[in-house]
Structures are given as C-alpha cells and as structure tokens.
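Encoded as structure tokens, the structure appears first; notes follow it.
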Amino acid sequence: PWERTAFDNATRMVKGIKILSRILERTINDRGIDAALKAFEEGKAGGPGSYFVDENEINQLGYRLMNAGKLPEAIEVFTLNVREFPKSWNVYDSLGEAYAAHGDKALAIKNYEKSIELNPNNTNGINILKRLKEQ
C-alpha cells in the first residue's frame, strides 16, 4: 500500500538516504529530462547506502509522464528503469508500451519480446506482441 511506501521513504530520508525517484520527478518538472537523468546519476555517486531506487516508483513516474502526453520523457524514464532493473519483466513491458504509444513498433516488439522471455506467463504482453506483429 502507498502508506507503507510513504513511511519507508520518510524513514530513509530521515537517515539521509536520497529517494532517486523523487529527485528524478522533481528535476524533470523543474529542468527537463536531461538534467533529471544527470541528477539521478549524481544521486547514485555516494554509493549504494546513500540512495534508494524503487522499480515501481520509477515505473509509476513513467506512466504519469505518458498520461501527461510526455512520451519522450516517459521513454527515457522507462529506459532508465530497464537499466536499473534488467531482470524485471515488468520494466520491459512498460517500455514496450511507451514505444508502441510513440509509434515505434520495432522497439515496442523488442521490449515485449524481452518481457515475455523473462515472464512467459505475461499474457497481456503476449497478446499485445501478437497484435503488434500482425499490424
């Protein structure tokens, strides 16, 4: 639940741990995606004990950007999530969805295929991949 995440993040911040999804979102809004990606990397510079990256929070940010019509930014955020969590089928599924929405069929197919490779039970991804290949 969101309450647990909020509590955990507040506890982390009290300990001086940077919540990189928040830094990413705030910087995208204030200075754009390039500055946000740089801030994200700078946030990681202190080592693993100094920052926290949550796959779901990054993914949610990507979807908020998509819903706001900011597809290029969403694709960058989902790409970052793939880089941070390369064994997660869900991050490839989300990136595939963003590429499909952006009209990049080849990259959408590539990412849905990777998602299904990691999770053969991803029936939604299988169905979307089939539709993409039929187009």
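Residue numbering restarts at 1 for every chain of the structure tokens, chains are lettered A, B, ... in their displayed order, and ligands are numbered from 1 as they appear.
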Legend entry - Contacts of Gly96 (chain A) within 7 Å, only C-alpha atoms, excl. fewer than 6 positions in-chain, as a ChimeraX atom specification: /A:107-109,111-112
Inset, instruction - Skip Gly62 (chain A) itself and residues of its chain fewer than 5 positions away, then list as JSON, numbers by chain all residues within 12 Å of it, counting only C-alpha atoms. - result: {"A": [21, 24, 25, 28, 33, 55, 56, 57, 67, 68, 69, 70, 71, 72, 73, 74, 75, 76, 77, 78, 79, 80, 81, 82, 91, 94, 95, 96, 97, 98, 99]}
Inset, instruction - Considering only C-alpha atoms, return as a list in words whatever protein or nucleic-acid residues lie within 12 Å of Lys87 (chain A), sequence-local ones (same chain, fewer than 6 positions apart) excluded. - result: Glu55, Asn81, Asp93, Lys114, Ser115, Ile116, Glu117, Leu118 and Asn119 of chain A
Inset, instruction - Apply DSSP to the backbone of this structure and, from chain A, keep only the residues in helix (DSSP H, G or I); write these as an MDAnalysis selection string. - result: chainID A and resid 2:14 20:31 33:44 48:50 55:67 71:84 89:102 105:118 123:134
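Taking CA of Gly43 (chain A) and CA of Lys18 (chain A) as the two end points, the separation is 6.9 Å.
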Inset, instruction - Enumerate as JSON, numbers by chain all residues of region 12-52 of chain A assigned to strand (DSSP E or B) by DSSP on the backbone, naming them with the chain letters and numbers the document uses. - result: {"A": [18, 19, 51, 52]}
For those residues, write N, CA and C atoms to a file as a tab-separated table (two decimals), in the first residue's frame.
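And here is the file that came out, selection_33.tsv:
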chain	number	residue	atom	x	y	z
A	18	LYS	N	18.88	9.31	-0.20
A	18	LYS	CA	18.19	10.01	-1.28
A	18	LYS	C	17.21	9.06	-1.97
A	19	ILE	N	15.98	9.52	-2.15
A	19	ILE	CA	14.96	8.77	-2.87
A	19	ILE	C	15.04	9.23	-4.33
A	51	TYR	N	21.52	6.07	-1.33
A	51	TYR	CA	20.36	6.32	-2.16
A	51	TYR	C	19.47	5.09	-2.21
A	52	PHE	N	18.22	5.31	-2.69
A	52	PHE	CA	17.27	4.23	-2.83
A	52	PHE	C	16.56	4.39	-4.16
